[in-house]
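Chemist: Structure file data-v4.txt (compact mmCIF, C-alpha atoms) is given on the next line.
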```txt
# COMPACT_ATOMS: atom_id res chain seq x y z
CA MET A 18 -16.32 74.30 32.15
CA ILE A 19 -13.61 75.07 34.72
CA HIS A 20 -9.99 75.60 33.67
CA SER A 21 -8.75 72.19 34.88
CA GLU A 22 -11.49 70.43 32.87
CA TRP A 23 -10.56 72.44 29.78
CA VAL A 24 -6.88 71.47 30.19
CA GLU A 25 -7.82 67.81 30.59
CA MET A 26 -10.02 67.96 27.49
CA LYS A 27 -7.17 69.46 25.43
CA LYS A 28 -4.79 66.73 26.65
CA LYS A 29 -7.29 64.02 25.73
CA LYS A 30 -7.82 65.55 22.28
CA PHE A 31 -4.07 65.60 21.57
CA THR A 32 -3.67 62.02 22.85
CA GLU A 33 -6.44 60.86 20.52
CA GLN A 34 -4.68 62.61 17.64
CA LYS A 35 -1.46 60.71 18.44
CA LEU A 36 -3.33 57.41 18.62
CA THR A 37 -4.79 57.79 15.14
CA PRO A 38 -1.71 58.38 13.00
CA MET A 39 -3.01 56.92 9.74
CA LYS A 40 -3.38 59.69 7.17
CA LYS A 41 -4.31 59.33 3.54
CA ILE A 42 -1.78 60.69 1.06
CA SER A 43 -2.45 60.94 -2.65
CA ASN A 44 -0.56 58.44 -4.78
CA ASN A 45 -0.20 61.21 -7.35
CA PHE A 46 1.63 63.23 -4.73
CA ILE A 47 3.85 60.28 -3.75
CA ASP A 48 4.71 59.70 -7.41
CA ASN A 49 5.41 63.36 -8.26
CA THR A 50 8.92 64.77 -8.09
CA ILE A 51 9.82 66.87 -5.04
CA ASN A 52 12.88 68.98 -5.82
CA LYS A 53 15.56 70.17 -3.36
CA ASN A 54 14.13 67.96 -0.62
CA ASN A 55 15.76 67.12 2.68
CA LEU A 56 14.79 64.99 5.67
CA ASN A 57 12.94 67.74 7.55
CA ALA A 58 11.23 69.03 4.40
CA ILE A 59 9.77 65.61 3.68
CA LYS A 60 8.54 65.28 7.28
CA THR A 61 6.92 68.70 7.07
CA ILE A 62 5.29 67.89 3.75
CA PHE A 63 3.65 64.80 5.21
CA TYR A 64 2.72 66.69 8.36
CA LEU A 65 0.64 69.01 6.19
CA ALA A 66 -1.61 66.06 5.45
CA THR A 67 -2.68 66.06 9.10
CA VAL A 68 -3.87 69.69 9.09
CA LEU A 69 -5.75 69.89 5.79
CA ASP A 70 -9.17 68.82 7.05
CA ASP A 71 -10.55 72.38 6.95
CA PHE A 72 -8.73 73.53 3.83
CA ASP A 73 -10.91 75.22 1.19
CA PHE A 74 -10.09 73.27 -1.97
CA ASN A 75 -12.34 75.54 -4.07
CA LYS A 76 -9.95 78.49 -3.84
CA GLU A 77 -6.83 78.76 -5.97
CA ILE A 78 -4.77 79.51 -2.83
CA GLY A 79 -5.85 78.75 0.72
CA THR A 80 -4.38 79.58 4.13
CA LEU A 81 -3.39 77.08 6.82
CA LYS A 82 -3.05 78.09 10.46
CA ILE A 83 -0.51 75.85 12.17
CA ASP A 84 0.03 75.41 15.91
CA LEU A 85 3.81 75.18 16.19
CA LYS A 86 3.75 73.28 19.50
CA LYS A 87 1.66 70.52 17.92
CA MET A 88 3.89 70.51 14.86
CA PHE A 89 7.06 70.16 16.97
CA LYS A 90 5.60 67.25 18.96
CA TYR A 91 4.33 65.51 15.85
CA THR A 92 7.43 65.86 13.70
CA ASN A 93 10.10 65.75 16.45
CA LEU A 94 11.63 68.87 14.89
CA THR A 95 13.09 71.67 17.01
CA ALA A 96 11.72 75.19 16.66
CA GLN A 97 14.82 76.33 14.76
CA GLU A 98 14.74 73.29 12.45
CA ALA A 99 11.09 73.91 11.65
CA ARG A 100 11.64 77.61 11.02
CA ASN A 101 14.67 77.04 8.77
CA ASN A 102 12.92 74.20 7.02
CA LEU A 103 9.75 76.16 6.23
CA LYS A 104 11.84 78.94 4.73
CA ALA A 105 13.78 76.43 2.65
CA MET A 106 10.52 74.88 1.47
CA GLN A 107 9.70 78.10 -0.35
CA GLU A 108 12.32 76.86 -2.82
CA THR A 109 10.69 73.42 -2.95
CA SER A 110 8.55 72.85 -6.03
CA ILE A 111 6.43 70.05 -7.37
CA THR A 112 6.58 69.28 -11.08
CA PHE A 113 3.47 68.53 -13.14
CA ILE A 114 4.08 67.08 -16.60
CA ASN A 115 1.45 66.69 -19.32
CA GLU A 116 3.06 64.57 -22.03
CA GLU A 117 0.03 64.75 -24.30
CA LYS A 118 -0.12 68.54 -24.39
CA LYS A 119 3.67 68.83 -24.03
CA TRP A 120 3.91 71.20 -21.10
CA GLU A 121 5.66 71.17 -17.75
CA LEU A 122 4.55 73.17 -14.72
CA HIS A 123 6.49 73.88 -11.51
CA ILE A 124 4.51 75.05 -8.48
CA VAL A 125 6.20 76.31 -5.30
CA LEU A 126 5.06 74.26 -2.33
CA ILE A 127 4.63 77.20 0.08
CA PRO A 128 4.28 80.64 -1.56
CA ARG A 129 3.80 82.56 1.72
CA ILE A 130 4.81 82.05 5.36
CA GLU A 131 3.91 84.43 8.19
CA PHE A 132 5.46 83.94 11.63
CA PHE A 133 3.70 85.38 14.68
CA TYR A 134 6.33 86.01 17.33
CA GLY A 135 5.42 84.97 20.86
CA GLN A 136 2.23 83.22 19.73
CA ASN A 137 3.58 79.79 18.72
CA ARG A 138 1.71 79.85 15.46
CA ILE A 139 2.30 80.46 11.79
CA GLU A 140 0.16 80.90 8.71
CA ILE A 141 1.14 79.47 5.35
CA ASP A 142 -0.48 79.78 1.95
CA LEU A 143 -0.86 76.66 -0.13
CA TYR A 144 -2.02 76.26 -3.70
CA SER A 145 -5.21 74.20 -3.91
CA LYS A 146 -3.58 72.13 -6.66
CA ILE A 147 -0.86 71.11 -4.19
CA ALA A 148 -3.33 70.51 -1.35
CA LYS A 149 -5.35 68.19 -3.58
CA LEU A 150 -2.20 66.26 -4.38
CA ILE A 151 -1.28 65.86 -0.71
CA VAL A 152 -4.72 64.70 0.38
CA GLU A 153 -6.56 63.26 -2.59
CA VAL A 154 -10.25 64.08 -2.81
CA LYS A 155 -10.90 60.93 -4.86
CA ASP A 156 -10.02 57.29 -4.15
CA ASN A 157 -6.43 57.37 -5.41
CA TYR A 158 -4.61 57.43 -2.10
CA THR A 159 -2.43 55.45 0.29
CA TYR A 160 -2.61 55.46 4.07
CA ILE A 161 0.66 56.47 5.72
CA ASP A 162 1.50 55.67 9.35
CA THR A 163 2.92 59.10 10.16
CA ASN A 164 4.08 57.99 13.63
CA ILE A 165 6.57 55.63 11.99
CA LEU A 166 7.48 58.15 9.31
CA MET A 167 8.26 60.89 11.84
CA SER A 168 10.53 58.55 13.82
CA LEU A 169 12.78 57.78 10.85
CA LYS A 170 16.21 59.43 10.63
CA SER A 171 17.04 58.86 6.97
CA LYS A 172 15.35 60.75 4.14
CA HIS A 173 15.72 57.65 1.97
CA SER A 174 13.75 55.58 4.50
CA ILE A 175 11.08 58.30 4.53
CA ARG A 176 10.89 58.29 0.73
CA ILE A 177 10.59 54.51 0.45
CA LEU A 178 8.00 54.09 3.24
CA PRO A 179 5.11 55.64 1.21
CA LEU A 180 6.06 53.41 -1.72
CA LEU A 181 5.89 50.34 0.54
CA GLU A 182 2.52 51.44 1.92
CA LYS A 183 1.26 51.91 -1.63
CA LEU A 184 2.44 48.43 -2.64
CA ARG A 185 0.95 46.99 0.54
CA GLY A 186 -2.44 48.32 -0.52
CA TYR A 187 -2.46 46.20 -3.68
CA SER A 188 -4.99 43.39 -3.80
CA SER A 189 -3.93 39.89 -2.79
CA HIS A 190 -3.99 38.91 -6.48
CA ILE A 191 -1.28 41.46 -7.36
CA ALA A 192 2.36 41.06 -6.35
CA LYS A 193 3.39 43.64 -3.74
CA ARG A 194 6.50 44.38 -5.77
CA LYS A 195 8.26 47.21 -7.59
CA ILE A 196 10.96 46.79 -10.26
CA MET A 197 13.18 49.86 -10.68
CA SER A 198 16.01 50.59 -13.10
CA LEU A 199 19.05 52.72 -12.24
CA GLU A 200 17.29 55.74 -13.76
CA ASP A 201 14.12 55.00 -11.80
CA LEU A 202 16.05 54.68 -8.55
CA ASN A 203 17.98 57.91 -9.06
CA GLN A 204 14.80 59.79 -9.90
CA PHE A 205 12.90 58.32 -6.97
CA PHE A 206 15.58 59.03 -4.36
CA GLY A 207 16.76 62.31 -5.90
CA THR A 208 20.30 61.03 -6.50
CA LYS A 209 22.76 60.78 -9.39
CA TYR A 210 24.60 57.52 -8.75
CA LYS A 211 26.35 55.92 -11.70
CA ASN A 212 25.58 52.31 -10.82
CA ILE A 213 23.14 50.22 -8.82
CA TYR A 214 25.83 48.98 -6.43
CA GLU A 215 26.26 52.53 -5.09
CA ILE A 216 22.52 52.83 -4.56
CA GLU A 217 22.46 49.45 -2.82
CA ARG A 218 25.30 50.44 -0.46
CA LYS A 219 24.27 54.03 0.27
CA ILE A 220 20.47 53.84 0.12
CA LEU A 221 18.84 50.41 0.07
CA LYS A 222 20.88 48.69 2.79
CA PRO A 223 20.67 51.59 5.30
CA ALA A 224 16.95 52.14 4.61
CA LYS A 225 16.23 48.43 5.04
CA GLU A 226 18.15 48.32 8.33
CA GLU A 227 16.21 51.29 9.68
CA LEU A 228 12.81 49.94 8.65
CA ASP A 229 13.71 46.46 9.92
CA SER A 230 14.07 48.03 13.37
CA ARG A 231 10.46 49.23 13.23
CA PRO A 232 7.67 46.83 14.18
CA LEU A 233 5.36 46.89 11.17
CA ILE A 234 6.58 47.17 7.58
CA SER A 235 9.89 46.80 5.72
CA PHE A 236 11.18 45.34 2.46
CA VAL A 237 13.57 42.91 0.82
CA TYR A 238 15.29 43.53 -2.49
CA ARG A 239 17.13 41.64 -5.18
CA VAL A 240 19.52 43.06 -7.76
CA GLN A 241 18.76 41.78 -11.25
CA MET A 242 21.73 40.92 -13.44
CA GLU A 243 21.85 40.71 -17.24
CA SER A 244 24.55 39.59 -19.66
CA PHE A 245 25.41 41.74 -22.66
CA GLY A 246 27.69 39.64 -24.85
CA ARG A 247 31.05 38.83 -23.35
CA GLY A 248 32.15 39.87 -19.91
CA ARG A 249 30.61 39.79 -16.50
CA PRO A 250 26.83 40.27 -16.07
CA ARG A 251 25.76 43.81 -15.23
CA ALA A 252 23.24 44.99 -12.63
CA THR A 253 20.28 46.46 -14.51
CA SER A 254 17.47 46.82 -11.99
CA VAL A 255 16.30 46.15 -8.45
CA ILE A 256 13.22 44.17 -7.41
CA ILE A 257 11.68 45.49 -4.18
CA ASP A 258 9.19 43.32 -2.28
CA VAL A 259 7.19 44.47 0.73
CA VAL A 260 7.62 42.64 4.04
CA ILE A 261 4.56 43.03 6.23
CA ARG A 262 4.64 41.71 9.77
CA PRO A 263 1.41 40.09 11.02
CA GLU A 264 0.95 42.71 13.74
CA TYR A 265 0.71 45.39 11.05
CA TYR A 266 -2.83 44.33 10.18
CA LEU A 267 -3.84 44.71 13.80
CA SER A 268 -2.17 48.08 14.39
CA SER A 269 -5.50 49.85 13.84
CA LYS A 270 -9.10 48.93 13.16
CA ARG A 271 -9.01 50.80 9.85
CA ILE A 272 -6.01 48.80 8.57
CA PHE A 273 -7.65 45.58 9.75
CA ILE A 274 -10.86 46.33 7.85
CA GLU A 275 -8.94 47.35 4.73
CA TYR A 276 -6.93 44.12 4.89
CA MET A 277 -10.02 41.93 5.35
CA ARG A 278 -11.89 43.66 2.51
CA LYS A 279 -9.06 43.04 0.07
CA ASP A 280 -7.84 39.57 1.00
CA TYR A 281 -10.95 37.81 2.32
CA ILE A 282 -13.59 38.54 -0.33
CA ASN A 283 -16.29 35.84 -0.49
CA ARG A 284 -14.70 33.99 2.43
CA ASP A 285 -16.61 32.70 5.45
CA ILE A 286 -15.43 34.92 8.30
CA LEU A 287 -17.33 33.95 11.44
CA LYS A 288 -20.59 32.42 12.67
CA ILE A 289 -22.41 34.64 15.15
CA ILE A 290 -25.84 34.94 16.75
CA ASP A 291 -27.85 37.99 15.69
CA LYS A 292 -28.70 39.94 18.85
CA LYS A 293 -32.00 41.15 17.39
CA THR A 294 -33.43 37.87 16.03
CA GLY A 295 -31.43 35.30 17.99
CA LYS A 296 -30.75 33.48 14.71
CA PRO A 297 -27.29 32.29 13.63
CA MET A 298 -25.55 34.21 10.84
CA LEU A 299 -22.56 33.34 8.71
CA LEU A 300 -20.57 36.52 8.11
CA SER A 301 -18.95 37.00 4.73
CA ILE A 302 -17.45 39.90 2.73
CA SER A 303 -18.90 40.80 -0.65
CA LYS A 304 -16.82 41.74 -3.69
CA TYR A 305 -17.65 45.36 -2.81
CA GLY A 306 -16.10 44.98 0.64
CA LYS A 307 -19.41 44.92 2.52
CA LEU A 308 -20.23 42.60 5.41
CA TYR A 309 -23.33 40.45 4.88
CA ASP A 310 -25.10 37.34 6.15
CA LYS A 311 -24.18 34.60 3.68
CA ASP A 312 -27.11 32.40 4.68
CA SER A 313 -29.80 35.02 4.02
CA GLY A 314 -27.91 37.31 1.67
CA ASP A 315 -28.84 40.30 3.83
CA SER A 316 -26.34 43.13 4.32
CA PHE A 317 -26.09 45.41 7.36
CA ASP A 318 -26.65 49.10 7.86
CA ALA A 319 -23.60 51.26 8.68
CA LYS A 320 -24.15 51.19 12.45
CA ARG A 321 -24.58 47.42 12.65
CA ALA A 322 -21.67 46.78 10.29
CA ASN A 323 -19.45 48.99 12.46
CA GLU A 324 -20.47 47.03 15.57
CA ILE A 325 -19.59 43.75 13.85
CA TRP A 326 -16.24 45.09 12.63
CA ASP A 327 -15.50 46.15 16.21
CA ARG A 328 -16.18 42.60 17.38
CA LEU A 329 -14.07 41.03 14.62
CA TYR A 330 -11.18 43.39 15.36
CA VAL A 331 -11.25 42.54 19.08
CA LEU A 332 -11.29 38.82 18.29
CA ALA A 333 -8.40 39.24 15.85
CA LYS A 334 -6.29 41.12 18.41
CA LYS A 335 -6.93 38.34 20.91
CA GLY A 336 -5.91 35.74 18.32
CA GLU A 337 -9.39 34.22 18.38
CA LEU A 338 -10.44 34.87 14.77
CA GLU A 339 -9.93 31.45 13.24
CA ILE A 340 -9.77 32.59 9.62
CA LEU A 341 -6.54 34.50 10.38
CA LYS A 342 -4.76 31.54 11.94
```
Take the structure I supplied and represent it as structure tokens, if you would.

Modeler:
Amino acid sequence: MIHSEWVEMKKKKFTEQKLTPMKKISNNFIDNTINKNNLNAIKTIFYLATVLDDFDFNKEIGTLKIDLKKMFKYTNLTAQEARNNLKAMQETSITFINEEKKWELHIVLIPRIEFFYGQNRIEIDLYSKIAKLIVEVKDNYTYIDTNILMSLKSKHSIRILPLLEKLRGYSSHIAKRKIMSLEDLNQFFGTKYKNIYEIERKILKPAKEELDSRPLISFVYRVQMESFGRGRPRATSVIIDVVIRPEYYLSSKRIFIEYMRKDYINRDILKIIDKKTGKPMLLSISKYGKLYDKDSGDSFDAKRANEIWDRLYVLAKKGELEILK
């Protein structure tokens, strides 16, 4: 391979990385408390999810080698911001609470950082317990569009986006809604406001405006009022509902498949002609999320199912999949 071909291959590889921004983040990690956070720290934390593919989860502590140029492009942080932020993150801890056994554990997010001057790379150590939280090894996770997350300017928008993605992943039979008290809101956003009106003015309204300017997902909210004897009603909680624009489901094939598997179970999707037999088939989705021929009851192997999903996704993007109209 000549040098120009190698350069072109590296460019293509990075472009493909940018075009597949959906990363799975553990819901346990989203729900856990992150102390002393700031905007850049949160971006860096979620960036770690993109570089954990080769992490050895069997060790108590593993080492990550990070290409700083890729990190800067991905997070939109400057070199100085990233350096300062990584140092500050050594004071960032995640809290684990076991109410049954009555213990509380604080683990530092990054116990070791080593900078290699002139090499545009760093090495960081990460506890396996933290790595497992960031990228769950089981099924308890939410997909985060990190391209949108990295473009946000407010740390409150960045904190609420994973919550919205988590709510979005609920089945069609469950309301995509979260009800939060003043205490819940302060804990979630890391604030100490004395009333909900302050949170509405300083957090919810600005976060909503920023997410409304993005093309895919946002939210609406309603302040709940209650009367306590005489006097004016008092704000006691906030109801947050996800707003998902139609184009969100077509932003990637993976999101499209996830959406179809959750909201179109046992529905007739499309009639097609089987290329192998020439016979018509009525595509449907089983309760397990698998494509199958409703007429014969036959399911498809992974390769054939992938081909059919490709076809359905193309039709959906063209607006030609009738079931979505």

Chemist: So which residues fall inside 9 Å of (6.1, 68.4, 8.8) if we count all atoms listed in the file? Mind giving them as a list in words?

Modeler: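 Nearby residues: Asn57, Ala58, Ile59, Lys60, Thr61, Ile62, Phe63, Tyr64, Leu65, Ala66, Met88, Phe89, Tyr91, Thr92, Leu94, Ala99, Leu103 and Met167 of chain A.
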
Chemist: Could you take the residues named above and write them with C-alpha atoms, as a PDB file, in the frame of the given file?

Modeler:
```pdb
ATOM      1  CA  ASN A  57      12.940  67.740   7.550  1.00  0.00           C
ATOM      2  CA  ALA A  58      11.230  69.030   4.400  1.00  0.00           C
ATOM      3  CA  ILE A  59       9.770  65.610   3.680  1.00  0.00           C
ATOM      4  CA  LYS A  60       8.540  65.280   7.280  1.00  0.00           C
ATOM      5  CA  THR A  61       6.920  68.700   7.070  1.00  0.00           C
ATOM      6  CA  ILE A  62       5.290  67.890   3.750  1.00  0.00           C
ATOM      7  CA  PHE A  63       3.650  64.800   5.210  1.00  0.00           C
ATOM      8  CA  TYR A  64       2.720  66.690   8.360  1.00  0.00           C
ATOM      9  CA  LEU A  65       0.640  69.010   6.190  1.00  0.00           C
ATOM     10  CA  ALA A  66      -1.610  66.060   5.450  1.00  0.00           C
ATOM     11  CA  MET A  88       3.890  70.510  14.860  1.00  0.00           C
ATOM     12  CA  PHE A  89       7.060  70.160  16.970  1.00  0.00           C
ATOM     13  CA  TYR A  91       4.330  65.510  15.850  1.00  0.00           C
ATOM     14  CA  THR A  92       7.430  65.860  13.700  1.00  0.00           C
ATOM     15  CA  LEU A  94      11.630  68.870  14.890  1.00  0.00           C
ATOM     16  CA  ALA A  99      11.090  73.910  11.650  1.00  0.00           C
ATOM     17  CA  LEU A 103       9.750  76.160   6.230  1.00  0.00           C
ATOM     18  CA  MET A 167       8.260  60.890  11.840  1.00  0.00           C
TER      19      MET A 167
END
```

Chemist: Excluding stretch 284-297 of chain A and its own-chain neighbours fewer than 2 positions away, which residues fall within 9 Å of it when counting only C-alpha atoms? Please give them as number ranges by chain.

Modeler: A: 280-282, 299-303, 311-312, 329, 338-340

Chemist: Give me a file of those residues, with C-alpha atoms, as a CSV table (one decimal), keeping the file's coordinate frame.

Modeler:
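Generated file (out-v8.csv):
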```csv
chain,number,residue,atom,x,y,z
A,280,ASP,CA,-7.8,39.6,1.0
A,281,TYR,CA,-11.0,37.8,2.3
A,282,ILE,CA,-13.6,38.5,-0.3
A,299,LEU,CA,-22.6,33.3,8.7
A,300,LEU,CA,-20.6,36.5,8.1
A,301,SER,CA,-19.0,37.0,4.7
A,302,ILE,CA,-17.4,39.9,2.7
A,303,SER,CA,-18.9,40.8,-0.6
A,311,LYS,CA,-24.2,34.6,3.7
A,312,ASP,CA,-27.1,32.4,4.7
A,329,LEU,CA,-14.1,41.0,14.6
A,338,LEU,CA,-10.4,34.9,14.8
A,339,GLU,CA,-9.9,31.4,13.2
A,340,ILE,CA,-9.8,32.6,9.6
```

Chemist: Write out as a compact mmCIF listing (two decimals) with C-alpha atoms, in the coordinates of the input the residues lying within 8 Å of A:Val255, counting all atoms listed in the file and excluding same-chain residues fewer than 6 positions away.

Modeler:
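File part-v1.txt, as written:
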```txt
# COMPACT_ATOMS: atom_id res chain seq x y z
CA ILE A 196 10.96 46.79 -10.26
CA MET A 197 13.18 49.86 -10.68
CA SER A 198 16.01 50.59 -13.10
CA ILE A 213 23.14 50.22 -8.82
CA TYR A 238 15.29 43.53 -2.49
CA ARG A 239 17.13 41.64 -5.18
CA VAL A 240 19.52 43.06 -7.76
CA GLN A 241 18.76 41.78 -11.25
```

Chemist: Using only C-alpha atoms, determine which residues lie at most 8 Å from A:Tyr265, disregarding the query and same-chain residues fewer than 4 positions distant; provide the list as a list in words.

Modeler: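 My list of contacting residues is Pro232, Leu233, Ile234, Ile261 and Ile272 of chain A.
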
Chemist: Quote the spacing between atom CA of A:Val125 and atom CA of A:Phe74 in Å to one decimal place.

Modeler: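 Interatomic distance, atom CA of A:Val125 to atom CA of A:Phe74: 16.9 Å.
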
Chemist: Using Å and a single decimal, report how far atom CA of A:Leu56 sits from atom CA of A:Asn102.

Modeler: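 Interatomic distance, atom CA of A:Asn102 to atom CA of A:Leu56: 9.5 Å.
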
Chemist: Identify, on the basis of only C-alpha atoms, every residue whose closest approach to A:Lys211 does not exceed 10 Å; exclude the query and any residue fewer than 5 positions from it along the same chain; express the result as a list of chain:residue names.

Modeler: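 Residues near the query, excluding close chain neighbours: A:Leu199, A:Glu200, A:Asn203, A:Ile216.
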
Chemist: Measuring between only C-alpha atoms, which one of A:Arg251, A:Ile274, A:Lys195, A:Phe205 shows the shortest distance to A:Phe236?

Modeler: A:Lys195

Chemist: Suppose you want the space between atom CA of A:Arg328 and atom CA of A:Ser313; what is it in Å?

Modeler: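 One can read the atom CA of A:Arg328 to atom CA of A:Ser313 distance as 20.5 Å.
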
Chemist: Fewer than 2 positions away in the same chain doesn't count, so skip those; otherwise give me all residues within 7 Å of stretch 131-144 of chain A, counting all atoms listed in the file, as a list in words.

Modeler: Glu77, Ile78, Gly79, Thr80, Leu81, Lys82, Ile83, Asp84, Leu85, Lys86, Leu126, Ile127, Pro128, Arg129, Lys146, Ile147 and Ala148 of chain A

Chemist: Draw an axis-aligned box over all listed atoms of stretch 231-239 of chain A, pad each side with 8 Å, and write its centre and edge lengths in Å, one decimal, as AutoDock Vina command-line options.

Modeler:
```
--center_x 11.2 --center_y 45.4 --center_z 4.5 --size_x 27.8 --size_y 23.6 --size_z 35.4
```

Chemist: Check the smallest atom-to-atom distance from each of A:Glu182, A:Leu308, A:Arg262, A:Ile124 to A:Lys320 using only C-alpha atoms, then report the winner.

Modeler: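 Residue with the minimum atom-to-atom distance to A:Lys320: A:Leu308.
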